[in-house]
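Listing of start.txt, compact mmCIF, C-alpha atoms
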```
# COMPACT_ATOMS: atom_id res chain seq x y z
CA MET N 1 -5.42 -45.57 10.87
CA ASN N 2 -6.95 -48.04 8.39
CA ILE N 3 -4.97 -50.08 5.87
CA LYS N 4 -5.78 -47.70 3.00
CA GLN N 5 -4.44 -44.69 4.91
CA PHE N 6 -1.36 -46.67 5.93
CA ILE N 7 -0.56 -47.61 2.32
CA LYS N 8 -1.09 -44.03 1.13
CA ARG N 9 1.33 -42.71 3.75
CA LYS N 10 3.94 -45.23 2.70
CA ILE N 11 3.54 -44.25 -0.96
CA ILE N 12 3.86 -40.55 -0.13
CA ALA N 13 6.99 -41.27 1.92
CA VAL N 14 8.57 -43.09 -1.04
CA TYR N 15 7.51 -40.25 -3.37
CA LYS N 16 9.23 -37.67 -1.17
CA ARG N 17 12.45 -39.66 -1.04
CA LEU N 18 12.58 -40.36 -4.79
CA THR N 19 11.48 -37.00 -6.20
CA PRO N 20 14.88 -35.22 -6.07
CA PHE N 21 16.52 -38.05 -8.02
CA VAL N 22 13.92 -38.59 -10.78
CA PRO N 23 14.57 -36.44 -13.90
CA VAL N 24 11.72 -34.49 -15.44
CA SER N 25 10.45 -35.09 -18.96
CA LYS N 26 10.34 -31.71 -20.71
CA LYS N 27 7.35 -32.71 -22.86
CA LYS N 28 5.15 -33.92 -19.99
CA ILE N 29 2.33 -31.55 -18.98
CA LEU N 30 0.00 -32.16 -16.03
CA PHE N 31 -3.52 -30.74 -16.06
CA GLN N 32 -5.82 -30.59 -13.06
CA SER N 33 -9.10 -28.78 -12.46
CA ASN N 34 -10.76 -28.31 -9.08
CA ASN N 35 -8.22 -30.66 -7.51
CA GLY N 36 -9.23 -33.48 -9.84
CA LYS N 37 -12.98 -33.22 -9.34
CA ASN N 38 -13.77 -32.60 -12.99
CA TYR N 39 -12.65 -31.74 -16.49
CA THR N 40 -13.55 -28.05 -16.69
CA GLY N 41 -12.29 -24.52 -16.33
CA ASN N 42 -9.09 -22.88 -17.50
CA PRO N 43 -6.96 -26.06 -17.71
CA ARG N 44 -9.59 -27.70 -19.92
CA TYR N 45 -9.61 -24.92 -22.49
CA ILE N 46 -5.84 -24.65 -22.56
CA TYR N 47 -5.67 -28.39 -23.23
CA GLU N 48 -8.40 -28.26 -25.88
CA GLU N 49 -6.55 -25.50 -27.70
CA MET N 50 -3.52 -27.78 -27.68
CA VAL N 51 -5.69 -30.47 -29.27
CA ARG N 52 -6.84 -28.00 -31.94
CA GLN N 53 -3.20 -27.21 -32.70
CA GLY N 54 -2.26 -30.91 -32.77
CA LEU N 55 0.07 -30.46 -29.80
CA ASP N 56 -1.56 -33.27 -27.83
CA ARG N 57 0.37 -35.61 -30.14
CA LYS N 58 3.66 -33.82 -29.63
CA PHE N 59 3.48 -33.49 -25.85
CA ASP N 60 2.71 -36.05 -23.16
CA CYS N 61 -0.53 -34.64 -21.73
CA VAL N 62 -1.71 -36.10 -18.41
CA TRP N 63 -4.97 -35.29 -16.63
CA PHE N 64 -5.25 -35.86 -12.87
CA LEU N 65 -8.80 -36.96 -12.05
CA LEU N 66 -10.75 -38.50 -9.20
CA ASP N 67 -12.93 -40.21 -11.81
CA THR N 68 -10.98 -41.43 -14.82
CA SER N 69 -14.15 -42.46 -16.68
CA ILE N 70 -14.67 -38.81 -17.67
CA GLU N 71 -14.37 -38.44 -21.43
CA ILE N 72 -11.57 -36.18 -22.65
CA PRO N 73 -10.84 -35.47 -26.33
CA GLY N 74 -7.48 -35.79 -28.02
CA LYS N 75 -4.50 -37.85 -27.04
CA CYS N 76 -3.96 -37.74 -23.30
CA ARG N 77 -3.60 -40.09 -20.37
CA LYS N 78 -6.02 -39.98 -17.46
CA VAL N 79 -4.47 -40.75 -14.08
CA ARG N 80 -6.41 -41.28 -10.90
CA CYS N 81 -5.45 -38.91 -8.10
CA ASN N 82 -3.40 -40.26 -5.19
CA TYR N 83 -2.66 -43.64 -6.74
CA PRO N 84 0.94 -44.83 -7.39
CA ARG N 85 0.94 -43.70 -11.05
CA PHE N 86 -0.16 -40.24 -9.93
CA PHE N 87 3.00 -39.76 -7.85
CA TRP N 88 5.21 -41.00 -10.70
CA GLU N 89 3.70 -38.42 -13.07
CA LEU N 90 4.21 -35.70 -10.46
CA MET N 91 7.89 -36.55 -10.25
CA ARG N 92 8.38 -36.58 -14.02
CA ALA N 93 6.33 -33.63 -15.33
CA LYS N 94 7.96 -30.44 -16.57
CA PHE N 95 4.73 -28.39 -16.54
CA TRP N 96 1.84 -28.15 -14.08
CA VAL N 97 -1.33 -26.42 -15.27
CA PHE N 98 -3.70 -26.21 -12.30
CA ASP N 99 -6.61 -23.94 -11.37
CA SER N 100 -6.68 -24.44 -7.58
CA ARG N 101 -4.25 -24.52 -4.70
CA GLN N 102 -2.26 -27.76 -4.92
CA GLN N 103 -2.07 -30.26 -2.08
CA LYS N 104 0.68 -29.79 0.51
CA MET N 105 2.29 -33.10 -0.45
CA TYR N 106 3.13 -31.92 -4.01
CA ILE N 107 6.88 -31.42 -4.38
CA LYS N 108 7.87 -28.94 -7.07
CA LYS N 109 11.43 -29.11 -8.33
CA LYS N 110 13.25 -25.97 -9.49
CA ASN N 111 13.11 -26.93 -13.16
CA VAL N 112 9.34 -27.53 -13.08
CA VAL N 113 7.06 -24.74 -14.39
CA HIS N 114 3.82 -24.28 -12.46
CA ILE N 115 1.23 -22.21 -14.35
CA GLN N 116 -1.53 -21.42 -11.87
CA THR N 117 -4.64 -20.29 -13.75
CA TRP N 118 -6.84 -19.80 -10.66
CA HIS N 119 -10.61 -20.00 -11.08
CA GLY N 120 -12.21 -16.60 -10.88
CA THR N 121 -12.00 -12.84 -10.46
CA PRO N 122 -12.39 -12.18 -6.74
CA LEU N 123 -15.35 -10.35 -5.25
CA LYS N 124 -15.05 -11.85 -1.78
CA LYS N 125 -11.85 -11.71 0.29
CA LEU N 126 -9.34 -14.45 -0.48
CA ALA N 127 -6.44 -16.26 1.16
CA LEU N 128 -4.02 -13.91 2.96
CA ASP N 129 -6.48 -11.01 2.77
CA MET N 130 -8.95 -12.86 4.98
CA ASP N 131 -8.73 -11.69 8.60
CA GLN N 132 -11.22 -14.22 9.92
CA MET N 133 -12.64 -17.54 8.81
CA ASP N 134 -15.16 -20.23 9.64
CA MET N 135 -14.51 -22.64 6.79
CA ALA N 136 -16.03 -26.08 7.45
CA GLY N 137 -15.49 -25.48 11.16
CA ASN N 138 -11.85 -24.47 10.74
CA GLN N 139 -11.28 -21.15 12.44
CA ASN N 140 -7.48 -21.25 12.54
CA ILE N 141 -6.72 -18.32 10.26
CA GLU N 142 -2.97 -18.40 11.01
CA ARG N 143 -2.62 -21.99 9.81
CA TYR N 144 -4.77 -21.23 6.77
CA HIS N 145 -2.50 -18.30 5.88
CA ARG N 146 0.62 -20.38 6.41
CA ASN N 147 -0.59 -23.18 4.14
CA PHE N 148 -1.54 -20.71 1.43
CA ARG N 149 1.87 -19.03 1.54
CA ILE N 150 3.59 -22.41 1.15
CA ALA N 151 1.42 -23.31 -1.86
CA CYS N 152 1.83 -19.93 -3.59
CA ARG N 153 5.61 -20.07 -3.41
CA ASP N 154 5.50 -22.91 -5.93
CA TRP N 155 3.56 -20.91 -8.52
CA ASP N 156 5.77 -19.59 -11.32
CA TYR N 157 3.05 -17.84 -13.33
CA LEU N 158 -0.43 -16.73 -12.34
CA VAL N 159 -3.20 -16.01 -14.85
CA SER N 160 -5.37 -12.95 -14.26
CA GLN N 161 -8.62 -11.89 -15.90
CA ASN N 162 -8.11 -8.13 -15.48
CA ARG N 163 -6.06 -5.37 -13.82
CA PHE N 164 -8.31 -5.47 -10.77
CA SER N 165 -7.54 -9.17 -10.22
CA THR N 166 -3.83 -8.60 -10.76
CA GLU N 167 -3.72 -6.11 -7.91
CA VAL N 168 -5.74 -8.35 -5.60
CA PHE N 169 -3.63 -11.43 -6.41
CA ARG N 170 -0.42 -9.59 -5.58
CA SER N 171 -1.81 -9.07 -2.10
CA CYS N 172 -3.93 -12.12 -1.30
CA PHE N 173 -1.38 -14.63 -2.65
CA ASP N 174 1.71 -12.60 -1.71
CA PHE N 175 2.63 -12.98 -5.38
CA LYS N 176 4.83 -9.90 -5.71
CA ASP N 177 8.00 -11.01 -7.48
CA LYS N 178 6.77 -13.40 -10.18
CA PRO N 179 4.92 -12.82 -13.47
CA ILE N 180 1.15 -12.40 -13.56
CA LEU N 181 -0.28 -13.13 -17.00
CA GLU N 182 -3.01 -10.51 -17.40
CA ILE N 183 -4.50 -12.15 -20.48
CA GLY N 184 -8.10 -13.01 -19.55
CA TYR N 185 -9.33 -16.49 -18.70
CA PRO N 186 -8.86 -19.40 -21.11
CA ARG N 187 -12.23 -20.79 -20.03
CA ASN N 188 -13.89 -17.70 -21.52
CA ASP N 189 -12.48 -18.26 -25.01
CA VAL N 190 -15.49 -20.46 -25.74
CA LEU N 191 -17.85 -17.56 -24.95
CA PHE N 192 -16.42 -15.78 -27.97
CA ALA N 193 -16.17 -18.84 -30.22
CA LYS N 194 -19.63 -20.31 -29.64
CA ASN N 195 -21.88 -17.35 -28.90
CA ASN N 196 -24.05 -17.89 -31.97
CA GLU N 197 -27.47 -19.42 -32.66
CA GLU N 198 -26.22 -22.66 -34.22
CA ASP N 199 -23.76 -23.55 -31.47
CA ILE N 200 -26.17 -22.56 -28.71
CA ARG N 201 -28.91 -24.75 -30.22
CA ASP N 202 -26.46 -27.68 -30.47
CA LEU N 203 -25.50 -27.21 -26.81
CA LYS N 204 -29.16 -27.17 -25.73
CA ILE N 205 -29.75 -30.45 -27.56
CA LYS N 206 -26.61 -31.97 -26.06
CA LEU N 207 -27.70 -30.95 -22.55
CA GLY N 208 -31.30 -32.12 -23.03
CA LEU N 209 -32.78 -28.65 -22.61
CA PRO N 210 -36.02 -27.45 -24.24
CA LEU N 211 -35.65 -25.42 -27.41
CA ASP N 212 -38.94 -23.56 -26.97
CA LYS N 213 -38.21 -21.95 -23.58
CA LYS N 214 -35.93 -19.20 -22.37
CA ILE N 215 -33.53 -20.25 -19.64
CA LEU N 216 -32.68 -18.77 -16.24
CA LEU N 217 -29.35 -19.97 -14.85
CA TYR N 218 -29.15 -20.00 -11.04
CA ALA N 219 -25.51 -20.31 -9.95
CA PRO N 220 -24.87 -19.20 -6.34
CA THR N 221 -21.63 -19.52 -4.45
CA TRP N 222 -21.03 -21.58 -1.28
CA ARG N 223 -21.14 -20.43 2.35
CA ASP N 224 -18.03 -21.08 4.41
CA ASN N 225 -20.03 -21.89 7.55
CA GLU N 226 -22.70 -24.14 6.01
CA TYR N 227 -21.18 -27.57 5.42
CA TYR N 228 -21.37 -31.31 6.02
CA GLN N 229 -17.63 -31.84 6.33
CA LYS N 230 -14.39 -30.33 5.05
CA GLY N 231 -14.70 -29.78 1.30
CA ALA N 232 -18.43 -30.68 1.25
CA TYR N 233 -20.63 -27.62 1.58
CA LYS N 234 -24.41 -27.27 1.67
CA PHE N 235 -26.52 -25.80 -1.11
CA ALA N 236 -27.38 -22.60 0.76
CA THR N 237 -30.33 -20.64 -0.61
CA GLU N 238 -33.63 -19.08 0.38
CA LEU N 239 -34.98 -19.00 -3.15
CA ASP N 240 -38.57 -20.29 -3.37
CA PHE N 241 -38.46 -22.56 -6.42
CA GLU N 242 -42.20 -23.23 -6.28
CA ARG N 243 -42.91 -19.51 -6.64
CA MET N 244 -40.41 -19.31 -9.49
CA ARG N 245 -42.21 -22.12 -11.28
CA GLU N 246 -45.60 -20.49 -10.75
CA GLU N 247 -44.43 -17.21 -12.24
CA PHE N 248 -42.12 -18.34 -15.04
CA SER N 249 -42.81 -21.90 -16.19
CA ASP N 250 -44.88 -20.82 -19.21
CA GLU N 251 -41.97 -18.87 -20.68
CA TYR N 252 -38.86 -20.14 -18.90
CA CYS N 253 -37.13 -23.16 -17.45
CA MET N 254 -34.34 -22.97 -14.85
CA ILE N 255 -30.89 -24.48 -14.59
CA VAL N 256 -29.65 -24.92 -11.02
CA LYS N 257 -25.86 -25.20 -10.91
CA TYR N 258 -24.11 -25.96 -7.63
CA HIS N 259 -20.69 -24.55 -6.86
CA TYR N 260 -18.06 -27.28 -7.27
CA LEU N 261 -17.49 -27.40 -3.49
CA VAL N 262 -21.17 -28.08 -2.79
CA SER N 263 -22.24 -31.67 -2.09
CA GLU N 264 -26.00 -32.17 -2.19
CA ASN N 265 -28.46 -34.83 -3.20
CA ILE N 266 -31.67 -32.83 -3.53
CA ASP N 267 -34.68 -34.48 -5.11
CA TRP N 268 -35.67 -32.13 -7.92
CA THR N 269 -38.24 -34.50 -9.46
CA PRO N 270 -41.21 -32.39 -8.25
CA PHE N 271 -39.89 -29.67 -10.57
CA LYS N 272 -39.42 -31.92 -13.60
CA GLY N 273 -39.71 -29.96 -16.83
CA PHE N 274 -38.91 -26.68 -15.11
CA ILE N 275 -35.67 -27.22 -13.19
CA TYR N 276 -32.64 -28.89 -14.77
CA THR N 277 -29.49 -29.66 -12.81
CA PHE N 278 -26.00 -30.59 -13.96
CA ASP N 279 -23.17 -32.04 -11.93
CA GLU N 280 -19.57 -30.83 -11.82
CA THR N 281 -18.68 -32.75 -15.00
CA LYS N 282 -20.64 -30.23 -17.11
CA ASP N 283 -18.64 -27.14 -17.84
CA ILE N 284 -20.44 -24.03 -16.64
CA ALA N 285 -19.39 -22.15 -19.79
CA TRP N 286 -21.92 -24.28 -21.69
CA LEU N 287 -24.60 -23.20 -19.23
CA TYR N 288 -23.67 -19.56 -19.68
CA LEU N 289 -24.11 -19.88 -23.43
CA VAL N 290 -27.53 -21.57 -23.35
CA SER N 291 -29.05 -19.27 -20.70
CA ASP N 292 -30.84 -16.00 -21.33
CA ALA N 293 -30.18 -14.53 -17.88
CA LEU N 294 -28.12 -15.27 -14.78
CA ILE N 295 -29.24 -15.35 -11.15
CA THR N 296 -26.32 -15.42 -8.73
CA ASP N 297 -25.15 -13.86 -5.47
CA TYR N 298 -21.44 -13.30 -4.72
CA SER N 299 -20.06 -15.86 -7.13
CA SER N 300 -17.31 -15.03 -9.61
CA VAL N 301 -19.63 -16.31 -12.35
CA MET N 302 -20.77 -12.69 -12.59
CA PHE N 303 -17.46 -11.68 -14.20
CA ASP N 304 -17.47 -14.38 -16.87
CA TYR N 305 -21.18 -14.22 -17.66
CA SER N 306 -21.05 -10.45 -18.15
CA LEU N 307 -19.00 -11.02 -21.31
CA LEU N 308 -22.25 -12.13 -22.96
CA ASN N 309 -24.01 -8.81 -22.20
CA ARG N 310 -27.10 -10.61 -20.91
CA PRO N 311 -29.21 -9.69 -17.84
CA MET N 312 -27.82 -10.54 -14.41
CA PHE N 313 -29.83 -10.67 -11.18
CA PHE N 314 -28.31 -10.83 -7.71
CA PHE N 315 -30.29 -12.83 -5.14
CA ALA N 316 -28.35 -11.78 -2.03
CA TYR N 317 -30.68 -12.77 0.80
CA ASP N 318 -27.84 -12.73 3.38
CA LEU N 319 -25.95 -9.71 2.07
CA GLU N 320 -25.11 -7.99 5.37
CA ASP N 321 -24.17 -11.20 7.17
CA TYR N 322 -22.01 -12.39 4.30
CA LYS N 323 -20.23 -9.06 3.99
CA LYS N 324 -19.63 -8.53 7.70
CA ASN N 325 -19.21 -12.03 9.14
CA LEU N 326 -18.04 -14.39 6.39
CA ARG N 327 -15.77 -12.87 3.76
CA GLY N 328 -16.09 -9.17 3.06
CA PHE N 329 -15.77 -7.69 -0.44
CA TYR N 330 -12.97 -6.19 -2.52
CA PHE N 331 -15.20 -3.62 -4.18
CA ASP N 332 -18.54 -1.87 -3.67
CA PHE N 333 -20.85 -4.77 -4.53
CA VAL N 334 -24.08 -2.84 -4.06
CA ASN N 335 -23.13 0.13 -6.23
CA GLU N 336 -20.95 -1.47 -8.91
CA ILE N 337 -22.72 -4.64 -10.04
CA PRO N 338 -24.74 -4.16 -13.27
CA GLY N 339 -28.03 -5.69 -12.15
CA PRO N 340 -30.73 -5.49 -9.47
CA ILE N 341 -30.18 -6.93 -5.98
CA SER N 342 -33.01 -8.78 -4.27
CA GLN N 343 -33.25 -10.36 -0.82
CA ASP N 344 -36.47 -12.31 -1.22
CA THR N 345 -38.11 -14.32 -4.01
CA ASP N 346 -40.96 -11.88 -4.71
CA THR N 347 -38.53 -9.02 -5.30
CA LEU N 348 -36.44 -11.20 -7.59
CA ILE N 349 -39.52 -12.14 -9.60
CA SER N 350 -40.42 -8.46 -9.96
CA ASP N 351 -36.86 -7.60 -11.00
CA ILE N 352 -36.90 -10.23 -13.74
CA LYS N 353 -40.30 -9.22 -15.08
CA ASN N 354 -39.51 -5.49 -15.12
CA TYR N 355 -35.91 -5.67 -16.33
CA ARG N 356 -34.92 -3.17 -19.02
CA SER N 357 -31.38 -3.39 -20.38
CA GLU N 358 -31.22 0.36 -21.00
CA ASP N 359 -31.60 0.98 -17.25
CA TRP N 360 -28.32 -0.84 -16.62
CA LYS N 361 -26.25 0.26 -19.63
CA GLU N 362 -24.17 2.84 -17.76
CA LYS N 363 -23.27 0.40 -14.99
CA TYR N 364 -22.63 -2.39 -17.48
CA ASP N 365 -20.22 -0.17 -19.42
CA ALA N 366 -18.31 0.72 -16.25
CA TYR N 367 -18.27 -2.95 -15.20
CA HIS N 368 -16.86 -4.01 -18.58
CA ASP N 369 -14.15 -1.37 -18.36
CA LYS N 370 -13.08 -2.67 -14.95
CA PHE N 371 -13.44 -6.42 -15.31
CA ASN N 372 -13.78 -7.39 -19.00
CA ASN N 373 -11.23 -5.25 -20.79
CA VAL N 374 -8.76 -8.11 -21.38
CA ASP N 375 -10.83 -11.17 -22.34
CA CYS N 376 -10.95 -11.41 -26.13
CA GLY N 377 -11.03 -15.14 -26.93
CA ASN N 378 -7.34 -16.01 -27.26
CA ALA N 379 -6.10 -16.52 -23.68
CA SER N 380 -5.50 -20.25 -24.23
CA LYS N 381 -3.19 -19.53 -27.17
CA LYS N 382 -1.15 -17.16 -25.02
CA VAL N 383 -0.62 -19.80 -22.31
CA ILE N 384 0.43 -22.34 -24.94
CA LYS N 385 2.88 -19.82 -26.39
CA LEU N 386 4.44 -19.53 -22.93
CA ILE N 387 4.69 -23.32 -22.58
CA LYS N 388 6.45 -23.57 -25.95
CA LYS N 389 8.86 -20.81 -24.96
CA LYS N 390 9.74 -22.46 -21.64
CA MET N 391 10.19 -25.79 -23.38
CA LYS N 392 12.71 -24.31 -25.78
CA GLU N 393 14.61 -22.82 -22.86
CA ALA N 394 14.82 -26.18 -21.07
```
Please go through the file and, once you have read it, give me the structure as structure tokens.
Amino acid sequence: MNIKQFIKRKIIAVYKRLTPFVPVSKKKILFQSNNGKNYTGNPRYIYEEMVRQGLDRKFDCVWFLLDTSIEIPGKCRKVRCNYPRFFWELMRAKFWVFDSRQQKMYIKKKNVVHIQTWHGTPLKKLALDMDQMDMAGNQNIERYHRNFRIACRDWDYLVSQNRFSTEVFRSCFDFKDKPILEIGYPRNDVLFAKNNEEDIRDLKIKLGLPLDKKILLYAPTWRDNEYYQKGAYKFATELDFERMREEFSDEYCMIVKYHYLVSENIDWTPFKGFIYTFDETKDIAWLYLVSDALITDYSSVMFDYSLLNRPMFFFAYDLEDYKKNLRGFYFDFVNEIPGPISQDTDTLISDIKNYRSEDWKEKYDAYHDKFNNVDCGNASKKVIKLIKKKMKEA
């Protein structure tokens, strides 16, 4: 054990002893996205709605971040994860607004309200519904289940994007006796507010994207068994980017967006002017808005992006292996998704060139009915209404 680890253990030990005796501040709200990796997702848009309502000046808003240099609007305090101040804020906060499973060391007191927003409608099996795993070399499914049960017990409210998710969450998180807020995702509010030519043009300029090209967004998920270390997964793909450039560079450019768990340092300079990449600090909702079509695989981006009614293509080169050996699916992926499936680059290219929206209208309508019937642009306001209510009750 090095000195840094020793000090951290001592701090955690003090935190555990003090927590029961430190009173909470009913106006303190903690926000955390992707375990502090960035300022994105559902917590971001809940907070930004608070800023719009001027509530950032009435409440004590605290963001937990690994990198506190990230710019955040409004009046808030940025606290670096796992440092002494971080543990003090944990002890004092009345509200937790997180979008991922919290660390085991977090101690939630009975009078603390944990609003778990989660981070996607599930296609692939999750948590307690998984009957096997090979996640960064960890194959101990019993321990994985046990840790998830412990974390979920501390969730007071869980946000759901649709009825389908609500039913899955009851099972996979063993969340049977507490409220699920079936209100849509706060992170999708922006897809309603900014889906217009002026805002999309402004976003393209802000992101440094060309204004004279259409944009293909490639946003695949991660593979449990392809990793460098725990929490650092490889960018797994068999997409031939050179072929994509040959076929599309006159009309399109591409955005390549890694999943937030992926850690890669690929040199994309040979594709300069065609491929643009953005790190985890750029909210993917912006990339949805500026793109004309989505290429994905089994990622939950398919549920959010479909709100825009734009073409979606599914590059599922490892479909059978993923379905049988890695996760398994909650619904009939092949027959329900509203877009063509390809397993090699040439087929994907053909699918893009020959796409006709009318061919997919029936499936898109059924998909909307199942997954998009709740999102309407005001989910953030509904979460804030809950926070106000619980504050009055305190």
Starting from the point (-36.4, -17.9, -17.3), work out which residues of protein, DNA or RNA have an atom no more than 7 Å away when counting all atoms listed in the file; state them as a ChimeraX atom specification.
/N:214-216,248,251-254
Might you pull out every residue within 10 Å of region 154-161 of chain N, with only C-alpha atoms counted and same-chain residues fewer than 6 positions away left off, and present them as a ChimeraX atom specification?
/N:42,96-99,101-102,106-110,112-122,167-170,173,175,177-186,188,303-304,371-375,379,383,386
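Nearest to Tyr15 (chain N) of all the residues N:Tyr258, N:Phe86, N:Tyr218, N:Tyr305 is N:Phe86, based on all atoms listed in the file.
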Pick out the residues sitting within 10 Å of Asn309 (chain N), and hand them over as a PDB file with C-alpha atoms, in the frame of the given file; count all atoms listed in the file, and ignore anything fewer than 3 positions along from it in its own chain.
```pdb
ATOM      1  CA  ASP N 292     -30.840 -16.000 -21.330  1.00  0.00           C
ATOM      2  CA  ALA N 293     -30.180 -14.530 -17.880  1.00  0.00           C
ATOM      3  CA  TYR N 305     -21.180 -14.220 -17.660  1.00  0.00           C
ATOM      4  CA  SER N 306     -21.050 -10.450 -18.150  1.00  0.00           C
ATOM      5  CA  MET N 312     -27.820 -10.540 -14.410  1.00  0.00           C
ATOM      6  CA  SER N 357     -31.380  -3.390 -20.380  1.00  0.00           C
ATOM      7  CA  LYS N 361     -26.250   0.260 -19.630  1.00  0.00           C
ATOM      8  CA  TYR N 364     -22.630  -2.390 -17.480  1.00  0.00           C
ATOM      9  CA  ASP N 365     -20.220  -0.170 -19.420  1.00  0.00           C
ATOM     10  CA  HIS N 368     -16.860  -4.010 -18.580  1.00  0.00           C
TER      11      HIS N 368
END
```
Quick one: everything within 10 Å of Ala127 (chain N), counting all atoms listed in the file, minus sequence neighbours fewer than 4 positions away in the same chain. Send it as a VMD selection string.
chain N and resid 131 133 141 144 to 149 169 171 to 174
Would you mind telling me which residue in N:Ala151, N:Glu198, N:Asn140, N:Gly328 lies nearest to Lys104 (chain N) when using only C-alpha atoms?
N:Ala151
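Relative to CA of Pro84 (chain N), CA of Ile11 (chain N) is found at 7.0 Å.
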